[in-house]
file model28.tsv (TSV, C-alpha atoms)
chain	number	residue	atom	x	y	z
T	7	MET	CA	19.61	-8.32	7.52
T	8	HIS	CA	21.27	-5.01	8.35
T	9	LEU	CA	19.17	-1.84	8.11
T	10	THR	CA	21.37	1.22	7.78
T	11	GLY	CA	18.59	3.62	8.54
T	12	PRO	CA	17.62	5.91	9.91
T	13	ILE	CA	14.96	3.80	11.63
T	14	LEU	CA	11.95	6.05	12.33
T	15	LEU	CA	10.43	4.94	15.65
T	16	GLY	CA	8.12	7.95	15.84
T	17	PRO	CA	7.77	11.55	14.64
T	18	GLU	CA	10.81	12.68	16.64
T	19	GLU	CA	12.51	9.43	17.58
T	20	GLU	CA	14.92	7.43	15.48
T	21	VAL	CA	17.94	5.14	15.65
T	22	SER	CA	20.72	5.09	13.13
T	23	GLU	CA	20.64	1.39	12.31
T	24	ALA	CA	18.98	-1.90	13.18
T	25	TRP	CA	19.18	-5.60	12.46
T	26	VAL	CA	16.64	-8.22	11.47
T	27	ALA	CA	17.12	-11.74	12.78
T	28	GLY	CA	14.64	-14.47	13.64
T	29	GLY	CA	11.86	-12.41	12.11
T	30	ARG	CA	12.36	-9.52	14.57
T	31	ILE	CA	13.96	-6.10	14.50
T	32	LEU	CA	16.88	-5.63	16.86
T	33	HIS	CA	18.51	-2.34	17.79
T	34	GLU	CA	21.81	-4.01	18.68
T	35	ARG	CA	23.82	-6.28	16.43
T	36	PRO	CA	23.03	-9.91	17.33
T	37	GLU	CA	25.58	-12.65	17.58
T	38	LEU	CA	25.74	-14.34	14.22
T	39	PRO	CA	27.19	-17.68	13.15
T	40	ALA	CA	30.60	-17.49	11.56
T	41	GLY	CA	30.30	-16.90	7.84
T	42	ALA	CA	26.63	-15.82	8.04
T	43	GLU	CA	25.53	-13.83	5.00
T	44	ILE	CA	24.23	-10.37	5.88
T	45	ARG	CA	21.97	-8.50	3.51
T	46	GLU	CA	22.34	-4.73	3.61
T	47	LEU	CA	19.24	-2.55	3.15
T	48	ASP	CA	19.92	1.17	3.09
T	49	GLY	CA	17.22	3.82	3.43
T	50	PHE	CA	14.64	5.35	5.71
T	51	VAL	CA	12.80	2.61	7.60
T	52	VAL	CA	9.20	2.99	8.80
T	53	PRO	CA	6.64	0.53	10.16
T	54	GLY	CA	4.40	-1.12	7.60
T	55	LEU	CA	1.36	1.01	6.82
T	56	ALA	CA	-2.00	0.25	8.44
T	57	ASP	CA	-5.50	0.23	6.95
T	58	LEU	CA	-7.95	0.41	9.84
T	59	HIS	CA	-11.09	0.18	7.76
T	60	CYS	CA	-11.28	-2.31	4.93
T	61	HIS	CA	-13.19	-5.47	4.13
T	62	LEU	CA	-11.49	-8.74	3.19
T	63	GLY	CA	-14.09	-11.03	1.70
T	64	ILE	CA	-16.52	-8.55	0.12
T	65	GLY	CA	-16.32	-8.33	-3.65
T	66	ASP	CA	-16.88	-5.44	-6.04
T	67	ASP	CA	-20.43	-6.71	-6.52
T	68	GLY	CA	-21.20	-6.39	-2.80
T	69	ALA	CA	-21.38	-10.15	-2.28
T	70	GLY	CA	-19.22	-12.39	-0.16
T	71	THR	CA	-16.15	-13.78	-1.90
T	72	THR	CA	-14.24	-17.01	-1.64
T	73	LEU	CA	-11.44	-17.17	0.89
T	74	GLU	CA	-8.95	-17.26	-1.99
T	75	THR	CA	-10.30	-13.95	-3.31
T	76	ALA	CA	-10.04	-12.47	0.16
T	77	ARG	CA	-6.41	-13.61	0.20
T	78	GLU	CA	-5.82	-11.86	-3.13
T	79	GLN	CA	-7.29	-8.68	-1.67
T	80	ALA	CA	-4.86	-8.88	1.25
T	81	LEU	CA	-1.94	-9.42	-1.13
T	82	THR	CA	-3.03	-6.38	-3.14
T	83	ASP	CA	-2.93	-4.32	0.04
T	84	ARG	CA	0.45	-5.78	1.00
T	85	ALA	CA	1.88	-4.70	-2.35
T	86	THR	CA	1.18	-1.07	-1.41
T	87	GLY	CA	3.03	-1.37	1.91
T	88	VAL	CA	0.01	-2.18	4.11
T	89	LEU	CA	1.17	-4.73	6.69
T	90	LEU	CA	-1.54	-4.24	9.34
T	91	ILE	CA	-5.27	-4.48	8.59
T	92	ARG	CA	-8.28	-4.06	10.82
T	93	ASP	CA	-11.13	-5.70	8.93
T	94	ALA	CA	-14.19	-3.56	9.64
T	95	GLY	CA	-16.74	-6.24	8.83
T	96	SER	CA	-16.85	-9.09	6.33
T	97	ILE	CA	-19.60	-11.27	4.93
T	98	ILE	CA	-17.36	-14.34	5.12
T	99	ASP	CA	-15.32	-15.79	7.94
T	100	ASN	CA	-11.87	-14.55	6.96
T	101	SER	CA	-10.13	-15.74	10.14
T	102	PRO	CA	-8.17	-18.46	8.25
T	103	LEU	CA	-6.16	-15.65	6.64
T	104	GLN	CA	-4.60	-15.01	10.04
T	105	GLN	CA	-2.74	-18.30	9.77
T	106	GLN	CA	-1.06	-17.36	6.47
T	107	ASP	CA	2.37	-15.97	7.26
T	108	ASP	CA	2.77	-14.11	3.98
T	109	LEU	CA	-0.26	-11.87	4.63
T	110	PRO	CA	-0.49	-8.66	6.65
T	111	GLN	CA	-1.41	-8.91	10.31
T	112	LEU	CA	-5.21	-9.06	10.47
T	113	ILE	CA	-7.43	-7.85	13.31
T	114	ARG	CA	-11.10	-8.64	12.76
T	115	CYS	CA	-14.43	-7.03	13.72
T	116	GLY	CA	-16.53	-10.05	12.71
T	117	ARG	CA	-19.62	-9.07	10.72
T	118	HIS	CA	-21.41	-5.71	10.62
T	119	LEU	CA	-24.44	-5.31	12.88
T	120	ALA	CA	-27.21	-3.20	11.35
T	121	ARG	CA	-30.85	-2.28	11.89
T	122	THR	CA	-33.31	-4.26	9.77
T	123	ARG	CA	-33.45	-2.89	6.20
T	124	ARG	CA	-31.15	0.00	7.13
T	125	TYR	CA	-27.94	-0.98	5.38
T	126	LEU	CA	-26.54	-2.44	2.17
T	127	ARG	CA	-28.40	-5.63	1.41
T	128	GLY	CA	-26.58	-8.81	2.43
T	129	TYR	CA	-23.64	-7.16	4.20
T	130	ALA	CA	-24.74	-7.28	7.81
T	131	HIS	CA	-26.59	-9.18	10.47
T	132	GLU	CA	-29.82	-7.18	10.50
T	133	LEU	CA	-31.74	-7.01	13.77
T	134	GLU	CA	-33.98	-4.98	16.03
T	135	PRO	CA	-33.01	-3.14	19.24
T	136	GLU	CA	-34.09	-5.87	21.64
T	137	ASP	CA	-31.66	-8.28	19.95
T	138	LEU	CA	-28.72	-5.90	19.73
T	139	PRO	CA	-26.86	-6.60	23.02
T	140	ALA	CA	-26.89	-10.36	22.46
T	141	ALA	CA	-25.67	-9.92	18.89
T	142	VAL	CA	-22.85	-7.64	20.07
T	143	THR	CA	-21.78	-10.33	22.53
T	144	VAL	CA	-21.69	-12.95	19.77
T	145	GLU	CA	-19.65	-10.75	17.42
T	146	ALA	CA	-17.27	-9.83	20.25
T	147	GLU	CA	-16.50	-13.53	20.63
T	148	ARG	CA	-16.11	-14.04	16.86
T	149	GLY	CA	-13.84	-11.07	16.28
T	150	ASP	CA	-10.49	-10.01	17.67
T	151	GLY	CA	-11.64	-7.61	20.34
T	152	TRP	CA	-13.73	-5.41	18.04
T	153	VAL	CA	-17.42	-5.04	17.14
T	154	LYS	CA	-18.72	-2.86	14.29
T	155	LEU	CA	-22.20	-1.30	14.46
T	156	VAL	CA	-23.89	0.61	11.64
T	157	GLY	CA	-24.93	3.77	13.44
T	158	ASP	CA	-26.89	5.58	10.72
T	159	TRP	CA	-28.15	5.09	7.18
T	160	ILE	CA	-30.83	6.45	4.92
T	161	ASP	CA	-34.31	6.22	6.44
T	162	ARG	CA	-36.64	5.91	3.48
T	163	ARG	CA	-39.58	7.22	5.49
T	164	ALA	CA	-37.67	10.36	6.41
T	165	GLY	CA	-35.94	10.58	3.04
T	166	ASP	CA	-32.57	11.32	4.66
T	167	LEU	CA	-29.84	9.98	6.89
T	168	THR	CA	-30.99	9.35	10.45
T	169	PRO	CA	-29.61	7.38	13.41
T	170	CYS	CA	-30.55	3.70	13.27
T	171	TRP	CA	-30.71	3.36	17.05
T	172	SER	CA	-31.73	5.33	20.12
T	173	GLY	CA	-29.26	6.62	22.66
T	174	GLU	CA	-30.13	3.74	24.99
T	175	ASP	CA	-29.67	1.23	22.16
T	176	PHE	CA	-26.15	2.58	21.53
T	177	ALA	CA	-25.41	2.50	25.26
T	178	ALA	CA	-26.64	-1.09	25.57
T	179	ALA	CA	-24.43	-2.11	22.64
T	180	ALA	CA	-21.39	-0.44	24.21
T	181	ARG	CA	-22.05	-2.09	27.58
T	182	ALA	CA	-22.35	-5.51	25.93
T	183	ALA	CA	-19.11	-5.06	23.99
T	184	HIS	CA	-17.17	-3.86	27.01
T	185	ALA	CA	-18.58	-6.64	29.20
T	186	ALA	CA	-17.27	-9.12	26.61
T	187	GLY	CA	-13.83	-7.52	26.73
T	188	ALA	CA	-14.17	-5.92	23.29
T	189	ARG	CA	-14.16	-2.39	21.93
T	190	ILE	CA	-16.94	-1.07	19.72
T	191	THR	CA	-16.86	1.21	16.72
T	192	THR	CA	-19.57	2.62	14.50
T	193	HIS	CA	-20.16	3.54	10.90
T	194	THR	CA	-21.51	7.09	11.02
T	195	PHE	CA	-22.17	9.71	8.36
T	196	ASP	CA	-24.90	11.78	10.05
T	197	GLU	CA	-24.48	14.69	12.48
T	198	GLU	CA	-27.20	13.47	14.86
T	199	THR	CA	-25.57	10.10	15.52
T	200	LEU	CA	-22.32	11.40	16.96
T	201	PRO	CA	-23.65	12.79	20.28
T	202	LEU	CA	-25.51	9.51	20.85
T	203	VAL	CA	-22.46	7.26	20.38
T	204	LEU	CA	-20.21	9.62	22.31
T	205	ASP	CA	-22.59	9.59	25.26
T	206	ALA	CA	-22.81	5.79	24.94
T	207	GLY	CA	-19.04	5.36	25.34
T	208	PHE	CA	-18.03	4.09	21.90
T	209	ASP	CA	-14.31	3.56	21.38
T	210	CYS	CA	-13.84	4.61	17.75
T	211	LEU	CA	-15.63	6.39	14.89
T	212	GLU	CA	-15.64	5.27	11.25
T	213	HIS	CA	-15.99	8.00	8.58
T	214	ALA	CA	-17.48	10.57	11.02
T	215	THR	CA	-18.43	12.94	8.21
T	216	GLY	CA	-21.03	14.58	10.48
T	217	LEU	CA	-18.52	16.08	12.91
T	218	THR	CA	-19.42	19.60	14.04
T	219	ASP	CA	-17.45	22.14	16.07
T	220	GLU	CA	-19.15	20.86	19.21
T	221	THR	CA	-18.62	17.15	18.58
T	222	ILE	CA	-15.03	17.74	17.46
T	223	ARG	CA	-14.35	19.26	20.88
T	224	THR	CA	-15.99	16.30	22.60
T	225	VAL	CA	-14.12	13.73	20.53
T	226	ALA	CA	-10.81	15.50	21.09
T	227	GLU	CA	-11.33	15.73	24.86
T	228	ALA	CA	-12.20	12.03	25.01
T	229	GLY	CA	-9.25	11.04	22.80
T	230	ILE	CA	-11.50	8.94	20.56
T	231	PRO	CA	-9.95	8.28	17.14
T	232	VAL	CA	-11.61	8.86	13.79
T	233	VAL	CA	-10.84	6.48	10.92
T	234	THR	CA	-10.78	8.78	7.92
T	235	THR	CA	-11.90	6.91	4.71
T	236	LEU	CA	-11.79	10.11	2.64
T	237	VAL	CA	-11.52	8.11	-0.58
T	238	ASN	CA	-14.96	6.73	0.21
T	239	VAL	CA	-16.37	10.12	1.20
T	240	ASP	CA	-15.34	11.38	-2.24
T	241	GLU	CA	-17.86	8.88	-3.63
T	242	PHE	CA	-20.77	10.66	-1.91
T	243	GLU	CA	-21.59	12.50	-5.15
T	244	THR	CA	-22.25	9.12	-6.76
T	245	TYR	CA	-24.52	8.06	-3.90
T	246	ALA	CA	-26.32	11.41	-4.03
T	247	SER	CA	-26.95	11.10	-7.75
T	248	GLN	CA	-28.25	7.55	-7.35
T	249	GLY	CA	-30.76	8.58	-4.67
T	250	GLU	CA	-31.71	12.08	-5.83
T	251	ALA	CA	-34.90	11.22	-7.72
T	252	LYS	CA	-36.56	9.59	-4.71
T	253	PHE	CA	-34.70	11.23	-1.86
T	254	PRO	CA	-33.67	14.81	-2.71
T	255	ALA	CA	-33.02	15.73	0.94
T	256	TYR	CA	-30.66	12.78	1.29
T	257	ALA	CA	-28.85	13.75	-1.92
T	258	ALA	CA	-28.36	17.33	-0.73
T	259	HIS	CA	-27.15	16.10	2.66
T	260	MET	CA	-24.58	13.75	1.12
T	261	ARG	CA	-23.28	16.55	-1.10
T	262	ARG	CA	-22.88	18.85	1.91
T	263	LEU	CA	-20.94	16.16	3.77
T	264	ARG	CA	-18.67	15.61	0.78
T	265	ALA	CA	-18.07	19.32	0.31
T	266	SER	CA	-16.99	19.77	3.94
T	267	ARG	CA	-14.80	16.66	4.14
T	268	PHE	CA	-11.42	18.39	4.01
T	269	GLU	CA	-12.42	21.20	6.36
T	270	ARG	CA	-13.88	18.70	8.84
T	271	THR	CA	-10.75	16.54	8.73
T	272	ARG	CA	-8.42	19.51	9.15
T	273	ASP	CA	-10.45	20.94	12.03
T	274	ALA	CA	-10.49	17.57	13.78
T	275	HIS	CA	-6.74	17.21	13.39
T	276	ASP	CA	-6.09	20.76	14.58
T	277	ALA	CA	-8.27	20.13	17.64
T	278	GLY	CA	-6.22	17.08	18.58
T	279	VAL	CA	-8.55	14.32	17.41
T	280	PRO	CA	-6.44	11.21	16.65
T	281	LEU	CA	-6.83	10.42	12.95
T	282	LEU	CA	-6.25	6.87	11.72
T	283	VAL	CA	-6.03	5.90	8.07
T	284	GLY	CA	-8.69	3.68	6.53
T	285	THR	CA	-9.80	3.17	2.95
T	286	ASP	CA	-13.14	1.31	3.11
T	287	ALA	CA	-11.74	-0.98	0.41
T	288	GLY	CA	-13.90	-4.01	-0.32
T	289	GLY	CA	-17.37	-3.71	-1.77
T	290	VAL	CA	-17.68	-0.37	-3.52
T	291	LEU	CA	-13.96	0.40	-3.65
T	292	GLY	CA	-11.18	-1.93	-4.73
T	293	HIS	CA	-8.21	-2.80	-2.57
T	294	GLY	CA	-4.74	-1.30	-2.86
T	295	ILE	CA	-5.79	2.36	-2.47
T	296	ILE	CA	-3.97	3.35	0.73
T	297	HIS	CA	-1.87	5.97	-1.08
T	298	GLU	CA	-4.96	7.60	-2.54
T	299	GLU	CA	-6.19	7.99	1.04
T	300	LEU	CA	-2.88	9.56	2.05
T	301	ASP	CA	-3.20	11.99	-0.85
T	302	GLU	CA	-6.65	12.97	0.44
T	303	LEU	CA	-5.20	13.69	3.87
T	304	ALA	CA	-2.62	15.94	2.23
T	305	LEU	CA	-5.43	17.80	0.43
T	306	ALA	CA	-7.05	18.26	3.84
T	307	GLY	CA	-3.92	20.09	4.96
T	308	LEU	CA	-2.08	17.47	7.02
T	309	SER	CA	1.70	17.60	6.97
T	310	ALA	CA	3.74	14.65	5.75
T	311	THR	CA	4.68	13.80	9.35
T	312	ALA	CA	1.03	13.93	10.45
T	313	ILE	CA	0.11	11.63	7.55
T	314	LEU	CA	2.78	9.14	8.57
T	315	GLU	CA	1.50	9.33	12.15
T	316	ALA	CA	-2.03	8.52	10.98
T	317	ALA	CA	-0.88	5.75	8.63
T	318	ALA	CA	1.76	3.94	10.68
T	319	TRP	CA	2.57	4.94	14.24
T	320	ALA	CA	-0.85	5.88	15.67
T	321	PRO	CA	-2.76	2.83	14.31
T	322	ARG	CA	-0.23	0.48	15.85
T	323	ARG	CA	-0.45	2.19	19.24
T	324	PHE	CA	-4.23	2.14	19.10
T	325	LEU	CA	-4.47	-1.54	18.19
T	326	GLY	CA	-1.65	-2.61	20.50
T	327	ALA	CA	0.46	-3.76	17.55
T	328	PRO	CA	4.24	-3.27	17.79
T	329	GLY	CA	6.08	-0.71	15.71
T	330	LEU	CA	9.84	-0.77	15.27
T	331	GLU	CA	10.84	-1.06	18.91
T	332	ASP	CA	13.59	-3.49	19.82
T	333	GLY	CA	12.32	-7.07	19.58
T	334	ALA	CA	9.17	-6.28	17.58
T	335	PRO	CA	8.21	-8.33	14.52
T	336	ALA	CA	10.09	-6.95	11.52
T	337	ASP	CA	7.12	-5.56	9.55
T	338	LEU	CA	8.59	-2.55	7.82
T	339	LEU	CA	9.19	-0.49	4.70
T	340	VAL	CA	12.54	0.71	3.41
T	341	LEU	CA	12.28	4.02	1.54
T	342	PRO	CA	14.85	5.91	-0.54
T	343	ARG	CA	13.98	9.28	1.05
T	344	ASP	CA	12.45	10.75	4.19
T	345	PRO	CA	8.63	10.44	4.25
T	346	ARG	CA	8.45	13.14	6.93
T	347	GLY	CA	9.24	15.67	4.24
T	348	ASP	CA	6.95	14.29	1.54
T	349	HIS	CA	4.34	11.59	2.05
T	350	HIS	CA	4.77	10.50	-1.58
T	351	ALA	CA	8.02	8.85	-0.48
T	352	LEU	CA	5.82	6.07	0.93
T	353	ARG	CA	5.04	5.06	-2.67
T	354	GLU	CA	8.75	4.66	-3.46
T	355	ARG	CA	9.52	1.54	-1.47
T	356	SER	CA	12.93	-0.06	-1.93
T	357	ALA	CA	11.74	-3.09	0.06
T	358	VAL	CA	8.73	-4.40	1.95
T	359	VAL	CA	9.68	-6.67	4.85
T	360	LEU	CA	7.03	-8.83	6.52
T	361	ARG	CA	7.90	-10.93	9.56
T	362	GLY	CA	11.57	-10.52	8.70
T	363	ARG	CA	11.29	-11.61	5.05
T	364	VAL	CA	11.54	-9.35	2.01
T	365	VAL	CA	8.22	-9.85	0.22
T	366	ALA	CA	8.63	-7.06	-2.34
T	367	GLU	CA	11.46	-4.86	-3.55
T	368	ASP	CA	12.16	-2.32	-6.22

call {"tool": "encode", "arguments": {"input": "model28.tsv", "output": "structure tokens"}}
result
Amino acid sequence: MHLTGPILLGPEEEVSEAWVAGGRILHERPELPAGAEIRELDGFVVPGLADLHCHLGIGDDGAGTTLETAREQALTDRATGVLLIRDAGSIIDNSPLQQQDDLPQLIRCGRHLARTRRYLRGYAHELEPEDLPAAVTVEAERGDGWVKLVGDWIDRRAGDLTPCWSGEDFAAAARAAHAAGARITTHTFDEETLPLVLDAGFDCLEHATGLTDETIRTVAEAGIPVVTTLVNVDEFETYASQGEAKFPAYAAHMRRLRASRFERTRDAHDAGVPLLVGTDAGGVLGHGIIHEELDELALAGLSATAILEAAAWAPRRFLGAPGLEDGAPADLLVLPRDPRGDHHALRERSAVVLRGRVVAED
């Protein structure tokens, strides 16, 4: 396969052409057998998109699915150009999907860890603080170098979002993850949780709707990425309406977080916080919504190049997954126009190439 480019290696780095052979991208023409057929693909080439927060194996009803349904979810994501997924917690063991060569690369967090009766019913291992470090160690072994902790949720006694754990609980969880050679991330909506997990040494933040001027500065200085999930944050009005009769303070809080979502995202980006694209697909939201998330980032004020950074280049660097460097697996999109000028070009894929094979084309 001959890619006649340009091949976008990064925001300001490109090569004019590349080749695909043996499932890998090559920057120099390889030696080919006499008479070998060469397929020409012309257009702007970018790495496959990444979704750093979705759930393969959780259905629309909030229950665990069959492995076959989880496979269908992954194929739905692949059809939108997503070729790298970090599963941020699943009810089922979806590790067999990693052996299926026609599916996106999958990096797993195992199962959510949550405080007893402080999360969506049935999603997580629910436990108390004294059991948290041991549970983190178990999930670190089950996953692919990641553990996911639910940092805050509605506290029905308080009638609002509150942290699920103390500062020492968060620190103990981080120590256990790091001792097991894993990184740890947290679901967090609430403002009060962020200083606790930042002090504890967490490696990543999911949603992070409670960012303030002060915590944005801290996150930026530490270089900790935020996985955006703005399509999910847009659903906060629904959650507020569902809880308003019993928990009016919670409903008002969720509406404030939704109303500030674009300003918070823009301020974080402007401060230098690394933003990584995630959709939170699986459960409440269906799969295949990566482009809706990119549209949300545009509404927040990010440029097309910044969106492509958050959706393709930065996630791969963060997860240690190759991009389009010489010798990397050929997981890429061919586009008819430059996505650095308009992120909508990412919807107009001429071809989707996974592990060197064209799996979709226009």

call {"tool": "residues_around", "arguments": {"input": "model28.tsv", "residues": "stretch 52-54 of chain T", "least_positions_apart": "4", "cutoff": "7 Å", "atoms": "only C-alpha atoms", "output": "list in words"}}
result
Ile13, Leu14, Gly87, Val88, Leu89, Leu90, Ala318, Gly329, Leu330, Asp337, Leu338, Leu339 and Val340 of chain T

call {"tool": "closest_residue", "arguments": {"input": "model28.tsv", "among": "T:His184, T:His59, T:His131, T:Arg35", "to": "T:Val237", "atoms": "all atoms listed in the file"}}
result
T:His59

call {"tool": "closest_residue", "arguments": {"input": "model28.tsv", "among": "T:Gly187, T:Ala120, T:Ala141, T:Arg346", "to": "T:Trp171", "atoms": "only C-alpha atoms"}}
result
T:Ala120

call {"tool": "closest_residue", "arguments": {"input": "model28.tsv", "among": "T:Arg123, T:Ala85, T:Asp161, T:Asp48", "to": "T:Lys252", "atoms": "only C-alpha atoms"}}
result
T:Asp161

call {"tool": "closest_residue", "arguments": {"input": "model28.tsv", "among": "T:Arg343, T:Arg353, T:Arg148, T:Lys154", "to": "T:Asn100", "atoms": "all atoms listed in the file"}}
result
T:Arg148

call {"tool": "closest_residue", "arguments": {"input": "model28.tsv", "among": "T:Asp175, T:Arg162, T:Phe324, T:Leu291", "to": "T:Arg189", "atoms": "only C-alpha atoms"}}
result
T:Phe324

call {"tool": "atom_distance", "arguments": {"input": "model28.tsv", "atom1": "atom CA of T:Ile230", "atom2": "atom CA of T:Leu282"}}
result
10.5 Å

call {"tool": "atom_distance", "arguments": {"input": "model28.tsv", "atom1": "atom CA of T:Glu331", "atom2": "atom CA of T:Leu352"}}
result
20.0 Å

call {"tool": "atom_distance", "arguments": {"input": "model28.tsv", "atom1": "atom CA of T:Ala42", "atom2": "atom CA of T:Leu9"}}
result
15.8 Å

call {"tool": "closest_residue", "arguments": {"input": "model28.tsv", "among": "T:Arg361, T:Leu308, T:Gly294, T:Asp286", "to": "T:Arg272", "atoms": "all atoms listed in the file"}}
result
T:Leu308

call {"tool": "residues_around", "arguments": {"input": "model28.tsv", "residues": "T:Phe176", "least_positions_apart": "6", "cutoff": "10 Å", "atoms": "all atoms listed in the file", "output": "list of chain:residue names"}}
result
T:Pro135, T:Leu138, T:Pro139, T:Leu155, T:Gly157, T:Cys170, T:Ala182, T:Thr192, T:Thr199, T:Leu202, T:Val203, T:Leu204, T:Asp205, T:Ala206, T:Gly207, T:Phe208

call {"tool": "write_last_selection", "arguments": {"input": "model28.tsv", "atoms": "C-alpha atoms", "output": "PDB file, in the coordinates of the input"}}
result
ATOM      1  CA  PRO T 135     -33.010  -3.140  19.240  1.00  0.00           C
ATOM      2  CA  LEU T 138     -28.720  -5.900  19.730  1.00  0.00           C
ATOM      3  CA  PRO T 139     -26.860  -6.600  23.020  1.00  0.00           C
ATOM      4  CA  LEU T 155     -22.200  -1.300  14.460  1.00  0.00           C
ATOM      5  CA  GLY T 157     -24.930   3.770  13.440  1.00  0.00           C
ATOM      6  CA  CYS T 170     -30.550   3.700  13.270  1.00  0.00           C
ATOM      7  CA  ALA T 182     -22.350  -5.510  25.930  1.00  0.00           C
ATOM      8  CA  THR T 192     -19.570   2.620  14.500  1.00  0.00           C
ATOM      9  CA  THR T 199     -25.570  10.100  15.520  1.00  0.00           C
ATOM     10  CA  LEU T 202     -25.510   9.510  20.850  1.00  0.00           C
ATOM     11  CA  VAL T 203     -22.460   7.260  20.380  1.00  0.00           C
ATOM     12  CA  LEU T 204     -20.210   9.620  22.310  1.00  0.00           C
ATOM     13  CA  ASP T 205     -22.590   9.590  25.260  1.00  0.00           C
ATOM     14  CA  ALA T 206     -22.810   5.790  24.940  1.00  0.00           C
ATOM     15  CA  GLY T 207     -19.040   5.360  25.340  1.00  0.00           C
ATOM     16  CA  PHE T 208     -18.030   4.090  21.900  1.00  0.00           C
TER      17      PHE T 208
END

call {"tool": "residues_around", "arguments": {"input": "model28.tsv", "residues": "T:Asp67", "least_positions_apart": "3", "cutoff": "10 Å", "atoms": "all atoms listed in the file", "output": "PyMOL selection string"}}
result
chain T and resi 64+70-71+288-290

call {"tool": "decode", "arguments": {"input": "model28.tsv", "residues": "stretch 36-53 of chain T", "atoms": "N, CA and C atoms", "output": "compact mmCIF listing (two decimals), in the first residue's frame"}}
result
# COMPACT_ATOMS: atom_id res chain seq x y z
N PRO T 36 9.75 -0.02 0.72
CA PRO T 36 10.38 -1.32 0.98
C PRO T 36 10.69 -2.05 -0.32
N GLU T 37 11.55 -3.03 -0.21
CA GLU T 37 11.77 -3.90 -1.36
C GLU T 37 10.56 -4.80 -1.54
N LEU T 38 10.05 -4.83 -2.74
CA LEU T 38 8.84 -5.60 -3.02
C LEU T 38 9.12 -6.68 -4.04
N PRO T 39 8.42 -7.80 -3.94
CA PRO T 39 8.60 -8.85 -4.95
C PRO T 39 8.24 -8.34 -6.34
N ALA T 40 8.88 -8.85 -7.32
CA ALA T 40 8.59 -8.47 -8.70
C ALA T 40 7.11 -8.73 -9.00
N GLY T 41 6.47 -7.77 -9.60
CA GLY T 41 5.07 -7.93 -9.97
C GLY T 41 4.08 -7.71 -8.84
N ALA T 42 4.58 -7.28 -7.65
CA ALA T 42 3.67 -7.06 -6.52
C ALA T 42 2.67 -5.96 -6.84
N GLU T 43 1.41 -6.19 -6.50
CA GLU T 43 0.39 -5.17 -6.70
C GLU T 43 0.48 -4.13 -5.58
N ILE T 44 0.45 -2.87 -5.94
CA ILE T 44 0.53 -1.78 -4.97
C ILE T 44 -0.76 -0.99 -5.03
N ARG T 45 -1.40 -0.86 -3.91
CA ARG T 45 -2.63 -0.06 -3.85
C ARG T 45 -2.27 1.37 -3.46
N GLU T 46 -2.76 2.32 -4.20
CA GLU T 46 -2.50 3.72 -3.94
C GLU T 46 -3.65 4.31 -3.12
N LEU T 47 -3.30 4.98 -2.02
CA LEU T 47 -4.29 5.71 -1.22
C LEU T 47 -3.80 7.15 -1.10
N ASP T 48 -4.57 8.06 -1.63
CA ASP T 48 -4.17 9.46 -1.66
C ASP T 48 -5.02 10.25 -0.67
N GLY T 49 -4.36 11.09 0.12
CA GLY T 49 -5.08 11.95 1.06
C GLY T 49 -4.26 12.22 2.29
N PHE T 50 -4.81 13.04 3.16
CA PHE T 50 -4.17 13.34 4.44
C PHE T 50 -4.30 12.12 5.34
N VAL T 51 -3.17 11.71 5.93
CA VAL T 51 -3.14 10.50 6.76
C VAL T 51 -2.88 10.90 8.20
N VAL T 52 -3.73 10.42 9.11
CA VAL T 52 -3.58 10.68 10.55
C VAL T 52 -3.68 9.35 11.29
N PRO T 53 -3.16 9.30 12.53
CA PRO T 53 -3.36 8.08 13.31
C PRO T 53 -4.84 7.83 13.56
